[in-house]
Each structure stands twice: as C-alpha cells, then as structure tokens.
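Note: the block below is start33.cif and it holds mmCIF, N, CA and C atoms.
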data_upload
loop_
_atom_site.label_atom_id
_atom_site.label_comp_id
_atom_site.auth_asym_id
_atom_site.auth_seq_id
_atom_site.Cartn_x
_atom_site.Cartn_y
_atom_site.Cartn_z
N MET A 1 92.43 -106.12 -40.00
CA MET A 1 91.30 -106.97 -40.33
C MET A 1 91.59 -107.79 -41.60
N ARG A 2 92.23 -107.13 -42.60
CA ARG A 2 92.55 -107.85 -43.84
C ARG A 2 93.50 -109.01 -43.58
N LYS A 3 94.49 -108.79 -42.72
CA LYS A 3 95.45 -109.85 -42.41
C LYS A 3 94.74 -111.03 -41.75
N LEU A 4 93.78 -110.76 -40.90
CA LEU A 4 93.02 -111.81 -40.23
C LEU A 4 92.21 -112.63 -41.24
N ILE A 5 91.55 -111.94 -42.17
CA ILE A 5 90.76 -112.62 -43.20
C ILE A 5 91.68 -113.43 -44.11
N LEU A 6 92.81 -112.84 -44.53
CA LEU A 6 93.76 -113.53 -45.40
C LEU A 6 94.32 -114.77 -44.70
N THR A 7 94.64 -114.66 -43.43
CA THR A 7 95.14 -115.80 -42.67
C THR A 7 94.07 -116.89 -42.58
N GLY A 8 92.83 -116.51 -42.36
CA GLY A 8 91.74 -117.48 -42.31
C GLY A 8 91.54 -118.20 -43.63
N VAL A 9 91.61 -117.45 -44.74
CA VAL A 9 91.45 -118.06 -46.07
C VAL A 9 92.60 -119.03 -46.34
N ILE A 10 93.82 -118.64 -46.04
CA ILE A 10 94.98 -119.52 -46.27
C ILE A 10 94.87 -120.78 -45.41
N ALA A 11 94.48 -120.62 -44.16
CA ALA A 11 94.32 -121.79 -43.28
C ALA A 11 93.24 -122.73 -43.81
N THR A 12 92.12 -122.17 -44.28
CA THR A 12 91.03 -122.98 -44.82
C THR A 12 91.50 -123.74 -46.06
N LEU A 13 92.23 -123.08 -46.96
CA LEU A 13 92.74 -123.75 -48.16
C LEU A 13 93.72 -124.86 -47.80
N GLY A 14 94.57 -124.61 -46.81
CA GLY A 14 95.53 -125.62 -46.38
C GLY A 14 94.83 -126.85 -45.82
N ILE A 15 93.82 -126.64 -45.01
CA ILE A 15 93.06 -127.77 -44.46
C ILE A 15 92.34 -128.52 -45.56
N ALA A 16 91.77 -127.81 -46.54
CA ALA A 16 91.07 -128.46 -47.65
C ALA A 16 92.03 -129.31 -48.47
N LEU A 17 93.24 -128.81 -48.71
CA LEU A 17 94.21 -129.59 -49.47
C LEU A 17 94.62 -130.86 -48.73
N LEU A 18 94.75 -130.77 -47.43
CA LEU A 18 95.12 -131.96 -46.65
C LEU A 18 93.98 -132.97 -46.58
N ALA A 19 92.73 -132.50 -46.67
CA ALA A 19 91.58 -133.39 -46.56
C ALA A 19 91.29 -134.14 -47.85
N VAL A 20 91.79 -133.66 -48.98
CA VAL A 20 91.54 -134.31 -50.27
C VAL A 20 92.40 -135.56 -50.36
N PRO A 21 91.81 -136.72 -50.62
CA PRO A 21 92.61 -137.94 -50.71
C PRO A 21 93.50 -137.91 -51.95
N ALA A 22 94.60 -138.63 -51.88
CA ALA A 22 95.50 -138.71 -53.02
C ALA A 22 94.83 -139.51 -54.12
N SER A 23 94.44 -138.86 -55.19
CA SER A 23 93.81 -139.58 -56.28
C SER A 23 94.87 -140.12 -57.22
N ALA A 24 94.45 -140.96 -58.12
CA ALA A 24 95.34 -141.59 -59.10
C ALA A 24 96.38 -142.46 -58.41
N SER A 25 96.11 -142.87 -57.20
CA SER A 25 97.01 -143.74 -56.46
C SER A 25 96.40 -145.13 -56.45
N PHE A 26 97.01 -146.05 -57.16
CA PHE A 26 96.48 -147.40 -57.19
C PHE A 26 97.62 -148.40 -57.26
N ASP A 27 97.36 -149.61 -56.83
CA ASP A 27 98.33 -150.69 -56.95
C ASP A 27 98.20 -151.29 -58.33
N HIS A 28 99.32 -151.55 -58.96
CA HIS A 28 99.29 -152.14 -60.30
C HIS A 28 98.99 -153.64 -60.28
N HIS A 29 99.33 -154.31 -59.18
CA HIS A 29 99.13 -155.75 -59.06
C HIS A 29 98.56 -156.05 -57.68
N PHE A 30 97.39 -156.66 -57.63
CA PHE A 30 96.78 -157.02 -56.36
C PHE A 30 95.78 -158.14 -56.56
N THR A 31 95.43 -158.80 -55.45
CA THR A 31 94.52 -159.94 -55.47
C THR A 31 93.45 -159.76 -54.40
N VAL A 32 92.23 -160.16 -54.71
CA VAL A 32 91.13 -160.18 -53.74
C VAL A 32 90.45 -161.54 -53.81
N ILE A 33 89.75 -161.90 -52.75
CA ILE A 33 88.98 -163.14 -52.68
C ILE A 33 87.52 -162.80 -52.95
N SER A 34 86.86 -163.61 -53.76
CA SER A 34 85.47 -163.37 -54.14
C SER A 34 84.55 -164.40 -53.50
N LYS A 35 83.43 -163.91 -52.94
CA LYS A 35 82.41 -164.81 -52.41
C LYS A 35 81.07 -164.41 -53.01
N GLN A 36 80.44 -165.33 -53.72
CA GLN A 36 79.18 -165.02 -54.41
C GLN A 36 78.06 -164.74 -53.42
N VAL A 37 77.35 -163.65 -53.68
CA VAL A 37 76.20 -163.25 -52.87
C VAL A 37 74.92 -163.71 -53.54
N SER A 38 74.86 -163.51 -54.86
CA SER A 38 73.68 -163.95 -55.60
C SER A 38 74.06 -164.27 -57.03
N GLY A 39 73.26 -165.11 -57.62
CA GLY A 39 73.42 -165.48 -59.01
C GLY A 39 72.09 -165.98 -59.54
N GLU A 40 71.75 -165.55 -60.73
CA GLU A 40 70.46 -165.98 -61.30
C GLU A 40 70.56 -166.10 -62.80
N ARG A 41 69.89 -167.09 -63.31
CA ARG A 41 69.76 -167.24 -64.77
C ARG A 41 68.75 -166.22 -65.25
N ILE A 42 69.10 -165.51 -66.33
CA ILE A 42 68.16 -164.54 -66.89
C ILE A 42 67.66 -164.99 -68.26
N SER A 43 68.28 -166.02 -68.80
CA SER A 43 67.79 -166.67 -70.01
C SER A 43 68.49 -168.03 -70.10
N ARG A 44 68.23 -168.73 -71.16
CA ARG A 44 68.81 -170.07 -71.30
C ARG A 44 70.34 -170.02 -71.33
N HIS A 45 70.90 -168.94 -71.89
CA HIS A 45 72.36 -168.86 -72.06
C HIS A 45 73.00 -167.70 -71.32
N ALA A 46 72.30 -167.09 -70.38
CA ALA A 46 72.86 -165.92 -69.69
C ALA A 46 72.53 -165.95 -68.20
N PHE A 47 73.41 -165.34 -67.41
CA PHE A 47 73.19 -165.24 -65.97
C PHE A 47 73.82 -163.95 -65.43
N ARG A 48 73.31 -163.53 -64.29
CA ARG A 48 73.83 -162.38 -63.55
C ARG A 48 74.42 -162.86 -62.24
N PHE A 49 75.38 -162.10 -61.72
CA PHE A 49 75.98 -162.45 -60.43
C PHE A 49 76.36 -161.20 -59.65
N LYS A 50 76.47 -161.38 -58.34
CA LYS A 50 76.98 -160.35 -57.42
C LYS A 50 77.88 -161.06 -56.43
N ASP A 51 79.02 -160.44 -56.13
CA ASP A 51 79.97 -161.01 -55.19
C ASP A 51 80.41 -159.96 -54.17
N LYS A 52 80.82 -160.43 -53.00
CA LYS A 52 81.53 -159.60 -52.04
C LYS A 52 83.01 -159.92 -52.21
N LEU A 53 83.86 -158.93 -52.05
CA LEU A 53 85.30 -159.11 -52.21
C LEU A 53 85.99 -158.91 -50.85
N PHE A 54 86.96 -159.79 -50.57
CA PHE A 54 87.63 -159.78 -49.28
C PHE A 54 89.14 -159.77 -49.44
N GLN A 55 89.82 -159.33 -48.38
CA GLN A 55 91.27 -159.33 -48.34
C GLN A 55 91.76 -160.76 -48.26
N PRO A 56 92.75 -161.16 -49.07
CA PRO A 56 93.21 -162.55 -49.06
C PRO A 56 93.71 -163.03 -47.70
N GLY A 57 94.43 -162.21 -46.96
CA GLY A 57 94.97 -162.64 -45.67
C GLY A 57 94.00 -162.51 -44.51
N ASN A 58 92.87 -161.87 -44.74
CA ASN A 58 91.89 -161.65 -43.68
C ASN A 58 90.50 -161.70 -44.31
N ARG A 59 89.94 -162.88 -44.41
CA ARG A 59 88.68 -163.05 -45.13
C ARG A 59 87.47 -162.48 -44.41
N SER A 60 87.67 -161.85 -43.27
CA SER A 60 86.56 -161.14 -42.63
C SER A 60 86.59 -159.66 -42.98
N ASN A 61 87.64 -159.22 -43.66
CA ASN A 61 87.78 -157.81 -44.06
C ASN A 61 87.27 -157.61 -45.48
N ARG A 62 86.06 -157.07 -45.59
CA ARG A 62 85.46 -156.83 -46.90
C ARG A 62 86.10 -155.59 -47.52
N VAL A 63 86.58 -155.73 -48.77
CA VAL A 63 87.27 -154.63 -49.44
C VAL A 63 86.53 -154.14 -50.69
N GLY A 64 85.41 -154.77 -51.03
CA GLY A 64 84.68 -154.32 -52.20
C GLY A 64 83.56 -155.26 -52.59
N ARG A 65 83.10 -155.06 -53.82
CA ARG A 65 82.00 -155.88 -54.37
C ARG A 65 82.13 -155.88 -55.89
N ASP A 66 81.44 -156.81 -56.52
CA ASP A 66 81.34 -156.78 -57.98
C ASP A 66 79.96 -157.25 -58.40
N LYS A 67 79.62 -156.93 -59.64
CA LYS A 67 78.38 -157.43 -60.23
C LYS A 67 78.60 -157.48 -61.72
N GLY A 68 77.94 -158.47 -62.33
CA GLY A 68 78.14 -158.62 -63.76
C GLY A 68 77.12 -159.53 -64.40
N LYS A 69 77.33 -159.71 -65.70
CA LYS A 69 76.44 -160.52 -66.52
C LYS A 69 77.29 -161.30 -67.51
N CYS A 70 76.95 -162.57 -67.70
CA CYS A 70 77.63 -163.42 -68.66
C CYS A 70 76.59 -164.07 -69.57
N GLY A 71 76.97 -164.29 -70.81
CA GLY A 71 76.05 -164.89 -71.77
C GLY A 71 76.80 -165.51 -72.93
N GLU A 72 76.06 -165.77 -73.99
CA GLU A 72 76.62 -166.43 -75.16
C GLU A 72 77.73 -165.63 -75.81
N ALA A 73 78.76 -166.34 -76.26
CA ALA A 73 79.86 -165.74 -77.02
C ALA A 73 79.86 -166.35 -78.41
N SER A 74 80.64 -165.76 -79.30
CA SER A 74 80.72 -166.30 -80.66
C SER A 74 81.38 -167.68 -80.68
N ASP A 75 82.26 -167.95 -79.72
CA ASP A 75 82.89 -169.25 -79.58
C ASP A 75 82.01 -170.10 -78.65
N PRO A 76 81.52 -171.26 -79.10
CA PRO A 76 80.61 -172.06 -78.27
C PRO A 76 81.22 -172.59 -76.98
N ASP A 77 82.56 -172.62 -76.89
CA ASP A 77 83.22 -173.10 -75.68
C ASP A 77 83.51 -171.99 -74.67
N LYS A 78 83.05 -170.78 -74.95
CA LYS A 78 83.33 -169.64 -74.07
C LYS A 78 82.05 -168.92 -73.71
N THR A 79 82.16 -168.09 -72.69
CA THR A 79 81.06 -167.26 -72.22
C THR A 79 81.53 -165.81 -72.23
N ARG A 80 80.72 -164.92 -72.76
CA ARG A 80 81.03 -163.48 -72.81
C ARG A 80 80.57 -162.85 -71.50
N CYS A 81 81.49 -162.15 -70.81
CA CYS A 81 81.16 -161.53 -69.52
C CYS A 81 81.52 -160.05 -69.49
N HIS A 82 80.70 -159.30 -68.77
CA HIS A 82 80.93 -157.89 -68.47
C HIS A 82 80.68 -157.72 -66.98
N ALA A 83 81.54 -156.97 -66.31
CA ALA A 83 81.35 -156.77 -64.87
C ALA A 83 81.94 -155.44 -64.43
N VAL A 84 81.47 -154.99 -63.29
CA VAL A 84 82.02 -153.80 -62.63
C VAL A 84 82.49 -154.24 -61.25
N VAL A 85 83.73 -153.93 -60.94
CA VAL A 85 84.33 -154.26 -59.65
C VAL A 85 84.52 -152.95 -58.89
N HIS A 86 83.94 -152.86 -57.69
CA HIS A 86 84.11 -151.66 -56.86
C HIS A 86 85.02 -152.01 -55.69
N LEU A 87 86.06 -151.19 -55.50
CA LEU A 87 86.98 -151.38 -54.38
C LEU A 87 86.93 -150.17 -53.46
N ASN A 88 87.03 -150.42 -52.15
CA ASN A 88 86.86 -149.35 -51.16
C ASN A 88 88.15 -148.62 -50.80
N GLY A 89 89.27 -148.94 -51.44
CA GLY A 89 90.52 -148.24 -51.18
C GLY A 89 91.50 -148.98 -50.29
N GLU A 90 91.06 -150.03 -49.62
CA GLU A 90 91.97 -150.79 -48.75
C GLU A 90 92.95 -151.63 -49.55
N ILE A 91 92.51 -152.17 -50.66
CA ILE A 91 93.36 -152.96 -51.55
C ILE A 91 93.17 -152.43 -52.96
N GLY A 92 94.25 -152.22 -53.67
CA GLY A 92 94.18 -151.81 -55.07
C GLY A 92 94.02 -150.32 -55.26
N GLY A 93 93.02 -149.75 -54.68
CA GLY A 93 92.71 -148.33 -54.83
C GLY A 93 91.24 -148.12 -54.55
N PHE A 94 90.76 -146.90 -54.78
CA PHE A 94 89.36 -146.60 -54.54
C PHE A 94 88.68 -146.28 -55.87
N GLY A 95 87.59 -146.97 -56.16
CA GLY A 95 86.83 -146.70 -57.36
C GLY A 95 86.34 -147.98 -58.02
N ASP A 96 85.91 -147.83 -59.26
CA ASP A 96 85.36 -148.95 -60.02
C ASP A 96 86.31 -149.35 -61.14
N LEU A 97 86.34 -150.64 -61.42
CA LEU A 97 87.04 -151.19 -62.59
C LEU A 97 86.01 -151.87 -63.47
N ARG A 98 86.03 -151.59 -64.76
CA ARG A 98 85.16 -152.27 -65.71
C ARG A 98 85.97 -153.36 -66.41
N VAL A 99 85.40 -154.57 -66.44
CA VAL A 99 86.07 -155.70 -67.08
C VAL A 99 85.12 -156.36 -68.07
N SER A 100 85.69 -156.92 -69.13
CA SER A 100 84.88 -157.66 -70.09
C SER A 100 85.77 -158.61 -70.88
N GLY A 101 85.13 -159.61 -71.47
CA GLY A 101 85.85 -160.55 -72.30
C GLY A 101 85.17 -161.90 -72.31
N ASN A 102 85.80 -162.84 -73.01
CA ASN A 102 85.30 -164.20 -73.11
C ASN A 102 86.11 -165.10 -72.20
N ILE A 103 85.42 -165.90 -71.37
CA ILE A 103 86.13 -166.87 -70.54
C ILE A 103 85.60 -168.26 -70.86
N GLY A 104 86.44 -169.23 -70.64
CA GLY A 104 86.06 -170.62 -70.90
C GLY A 104 87.08 -171.54 -70.30
N ARG A 105 86.96 -172.80 -70.63
CA ARG A 105 87.88 -173.80 -70.11
C ARG A 105 89.32 -173.43 -70.45
N GLY A 106 90.15 -173.32 -69.44
CA GLY A 106 91.56 -173.01 -69.67
C GLY A 106 91.86 -171.54 -69.86
N ASP A 107 90.88 -170.71 -70.07
CA ASP A 107 91.11 -169.28 -70.25
C ASP A 107 90.22 -168.52 -69.27
N LYS A 108 90.80 -168.07 -68.21
CA LYS A 108 90.06 -167.38 -67.15
C LYS A 108 90.54 -165.92 -67.04
N ARG A 109 90.75 -165.26 -68.19
CA ARG A 109 91.20 -163.88 -68.19
C ARG A 109 90.14 -162.97 -68.78
N LEU A 110 89.97 -161.82 -68.15
CA LEU A 110 89.11 -160.76 -68.68
C LEU A 110 89.94 -159.51 -68.84
N ASN A 111 89.56 -158.66 -69.77
CA ASN A 111 90.26 -157.40 -69.98
C ASN A 111 89.71 -156.33 -69.06
N VAL A 112 90.59 -155.55 -68.45
CA VAL A 112 90.18 -154.35 -67.72
C VAL A 112 90.11 -153.25 -68.76
N VAL A 113 88.92 -152.67 -68.93
CA VAL A 113 88.69 -151.72 -70.02
C VAL A 113 88.44 -150.30 -69.54
N GLY A 114 88.73 -150.01 -68.28
CA GLY A 114 88.57 -148.66 -67.77
C GLY A 114 88.16 -148.66 -66.33
N GLY A 115 88.00 -147.45 -65.80
CA GLY A 115 87.61 -147.35 -64.42
C GLY A 115 87.29 -145.94 -64.01
N THR A 116 86.96 -145.79 -62.73
CA THR A 116 86.65 -144.49 -62.15
C THR A 116 87.50 -144.30 -60.90
N GLY A 117 87.50 -143.10 -60.36
CA GLY A 117 88.26 -142.82 -59.15
C GLY A 117 89.74 -143.02 -59.39
N ASP A 118 90.41 -143.74 -58.49
CA ASP A 118 91.83 -144.01 -58.64
C ASP A 118 92.14 -144.79 -59.91
N PHE A 119 91.16 -145.48 -60.46
CA PHE A 119 91.36 -146.33 -61.64
C PHE A 119 91.01 -145.63 -62.96
N ASN A 120 90.79 -144.34 -62.93
CA ASN A 120 90.46 -143.61 -64.15
C ASN A 120 91.60 -143.76 -65.16
N GLY A 121 91.28 -144.25 -66.35
CA GLY A 121 92.27 -144.39 -67.41
C GLY A 121 93.11 -145.65 -67.37
N VAL A 122 92.79 -146.61 -66.52
CA VAL A 122 93.60 -147.83 -66.45
C VAL A 122 93.13 -148.86 -67.48
N ALA A 123 94.01 -149.80 -67.75
CA ALA A 123 93.72 -150.96 -68.58
C ALA A 123 94.48 -152.12 -67.96
N GLY A 124 94.27 -153.31 -68.47
CA GLY A 124 95.01 -154.45 -67.95
C GLY A 124 94.23 -155.73 -68.03
N LYS A 125 94.56 -156.65 -67.15
CA LYS A 125 93.96 -157.98 -67.12
C LYS A 125 93.46 -158.33 -65.74
N LEU A 126 92.38 -159.09 -65.70
CA LEU A 126 91.88 -159.74 -64.49
C LEU A 126 91.98 -161.23 -64.74
N GLN A 127 92.67 -161.94 -63.86
CA GLN A 127 92.78 -163.39 -63.96
C GLN A 127 92.01 -164.02 -62.81
N LEU A 128 91.16 -164.97 -63.15
CA LEU A 128 90.36 -165.68 -62.17
C LEU A 128 91.03 -167.01 -61.87
N HIS A 129 91.35 -167.25 -60.59
CA HIS A 129 91.93 -168.51 -60.15
C HIS A 129 90.97 -169.14 -59.15
N THR A 130 90.58 -170.38 -59.40
CA THR A 130 89.72 -171.10 -58.47
C THR A 130 90.49 -172.26 -57.90
N LEU A 131 90.56 -172.30 -56.57
CA LEU A 131 91.26 -173.38 -55.89
C LEU A 131 90.44 -173.77 -54.67
N ARG A 132 90.01 -175.01 -54.61
CA ARG A 132 89.20 -175.52 -53.50
C ARG A 132 87.97 -174.64 -53.26
N ARG A 133 87.26 -174.33 -54.32
CA ARG A 133 86.01 -173.56 -54.28
C ARG A 133 86.19 -172.13 -53.80
N ILE A 134 87.43 -171.63 -53.82
CA ILE A 134 87.70 -170.24 -53.48
C ILE A 134 88.17 -169.53 -54.74
N ASP A 135 87.48 -168.45 -55.09
CA ASP A 135 87.86 -167.67 -56.28
C ASP A 135 88.78 -166.53 -55.87
N ARG A 136 89.92 -166.47 -56.53
CA ARG A 136 90.85 -165.36 -56.35
C ARG A 136 90.84 -164.54 -57.64
N LEU A 137 90.67 -163.24 -57.49
CA LEU A 137 90.72 -162.34 -58.63
C LEU A 137 92.05 -161.58 -58.56
N HIS A 138 92.90 -161.78 -59.55
CA HIS A 138 94.19 -161.10 -59.57
C HIS A 138 94.20 -160.07 -60.69
N PHE A 139 94.52 -158.83 -60.32
CA PHE A 139 94.53 -157.73 -61.28
C PHE A 139 95.95 -157.32 -61.62
N ASP A 140 96.21 -157.15 -62.92
CA ASP A 140 97.46 -156.57 -63.44
C ASP A 140 97.07 -155.36 -64.24
N LEU A 141 97.39 -154.15 -63.72
CA LEU A 141 96.90 -152.91 -64.31
C LEU A 141 98.03 -152.03 -64.81
N VAL A 142 97.74 -151.23 -65.84
CA VAL A 142 98.65 -150.21 -66.35
C VAL A 142 97.86 -148.94 -66.61
N ARG A 143 98.56 -147.85 -66.61
CA ARG A 143 97.92 -146.57 -66.98
C ARG A 143 98.71 -145.97 -68.11
#

Turn the structure described in the file into structure tokens.
Amino acid sequence: MRKLILTGVIATLGIALLAVPASASFDHHFTVISKQVSGERISRHAFRFKDKLFQPGNRSNRVGRDKGKCGEASDPDKTRCHAVVHLNGEIGGFGDLRVSGNIGRGDKRLNVVGGTGDFNGVAGKLQLHTLRRIDRLHFDLVR
C-alpha cells in the first residue's frame, strides 16, 4: 500500500512540474503593433489612453494591451508618460512591463522600469516608431 501511495505522490509531483510554465523566459528584443482603443483628455495638459497590441506579421493576432497616462513635463517640448504593457506570452513573454519617461519631438523613447511574470526584474527601453499612422513599439530589455 505504501508503494502505491508513494508512486501516486511522485506521479502527481511530476505532472505538476510539467504543468508549470517556464517562468523568467522572455525575449530581449521584440516589436508589437499598437492600435488605440480609447483616449481621453483628463485635463488641459494630460490624457489617458488604451491600446490593443498585435503581432507585426499578423495584425489579426492580438498579443496584449496597454494603458497609460501622459501629462506635463518639466521640459515644455516634452510630455511625461507612464504606462503598463500587458503581453499574453505569444510575443516577448507573459506578464506586465512598466514604462515611464518624457517623450517629445525627435525623442520617442521610454524607460522600462520593471515588470511582473516573465518580466520580473527587467529594465530597458521602449522605442515608439510611427510610420503611415501605424505605431510600432520596439522593446530592448535586460535583466
């Protein structure tokens, strides 16, 4: 009877280990396409936004979402932004990335200041590229 119980426990542990996804697995460099879902002014100098994120080669494949807020910065030619980017694991990894920084004419970079899930402990840069009204978000991450 003990051997049967021990075998059952070992089998259960083995199945549980196989079912746990590989965490801390993320791509260091990846790009997603952003499509705005909503945007609203919340004051004279600030606005909120929400976007859906898609795979660059297949714009019908949704891979995540983001939401954030931008407002006045100390530099009058820039806007201070904070956002959270959630990815579903198909591109980049699974979890949230927190980004913040000042963007303006000629400078479309935000700092990646942390994350959750596969992105726990990461840092890096998010570069925003707009071409023909399509926003591409390119991430360069380090741990």

Taking the file above as input, evaluate the PyMOL selection byres (((chain A and resi 64 and name CA) around 9) and name CA) and report the hits as a list of chain:residue names.
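Applying the expression gives A:Val32, A:Asp51, A:Lys52, A:Leu53, A:Phe54, A:Arg62, A:Val63, A:Arg65, A:Asp66, A:Val85, A:His86, A:Leu87, A:Asn88, A:Gly89, A:Glu90, A:Ile91.
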
Quick one: DSSP helix (DSSP H, G or I) residues in chain A, as number ranges by chain?
A: 2-19, 117-119

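Here the question is which of A:Gly92, A:Gly71, A:Pro76, A:Gly115 gets nearest to A:Thr31 using only N, CA and C atoms, and that residue is A:Gly92.
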
Could you write out as a list of chain:residue names the residues that the PyMOL selection byres ((chain A and resi 118) around 7) matches in the shown file?
A:Ser23, A:Ala24, A:Ser25, A:Phe26, A:Gly93, A:Phe94, A:Gly95, A:Asp96, A:Gly115, A:Thr116, A:Gly117, A:Phe119, A:Asn120, A:Gly121, A:Val122

Name the residues that the PyMOL selection byres (((chain A and resi 82 and name CA) around 8) and name CA) pulls out of this structure, and write them as a list in words.
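With the shown file as input, the PyMOL selection byres (((chain A and resi 82 and name CA) around 8) and name CA) matches Gly68, Lys69, Cys70, Arg80, Cys81, Ala83, Val84, Arg98, Val99, Ser100 and Gly101 of chain A.
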
Between atom C of A:Gly104 and atom C of A:Asp77, what distance in Å does the model show, to one decimal?
5.7 Å

Atom CA of A:Arg44 sits from atom CA of A:Thr79 at a separation of 12.6 Å

Of the listed residues A:Ala46, A:Leu137, A:Ile103, A:Leu97, that which approaches A:Ser34 most closely, counting only N, CA and C atoms
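Answer, going by the shortest atom-to-atom distance: A:Leu137.
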
Interatomic distance, atom C of A:Ala123 to atom CA of A:Leu110 (Å, one decimal):
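Answer for the atom C of A:Ala123 to atom CA of A:Leu110 separation: 10.2 Å.
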
Nearest to A:Ser38 among A:Arg133, A:Lys50, A:Lys125, A:Arg109, with distances taken over all atoms listed in the file: which residue is it?
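Answer, going by the shortest atom-to-atom distance: A:Lys50.
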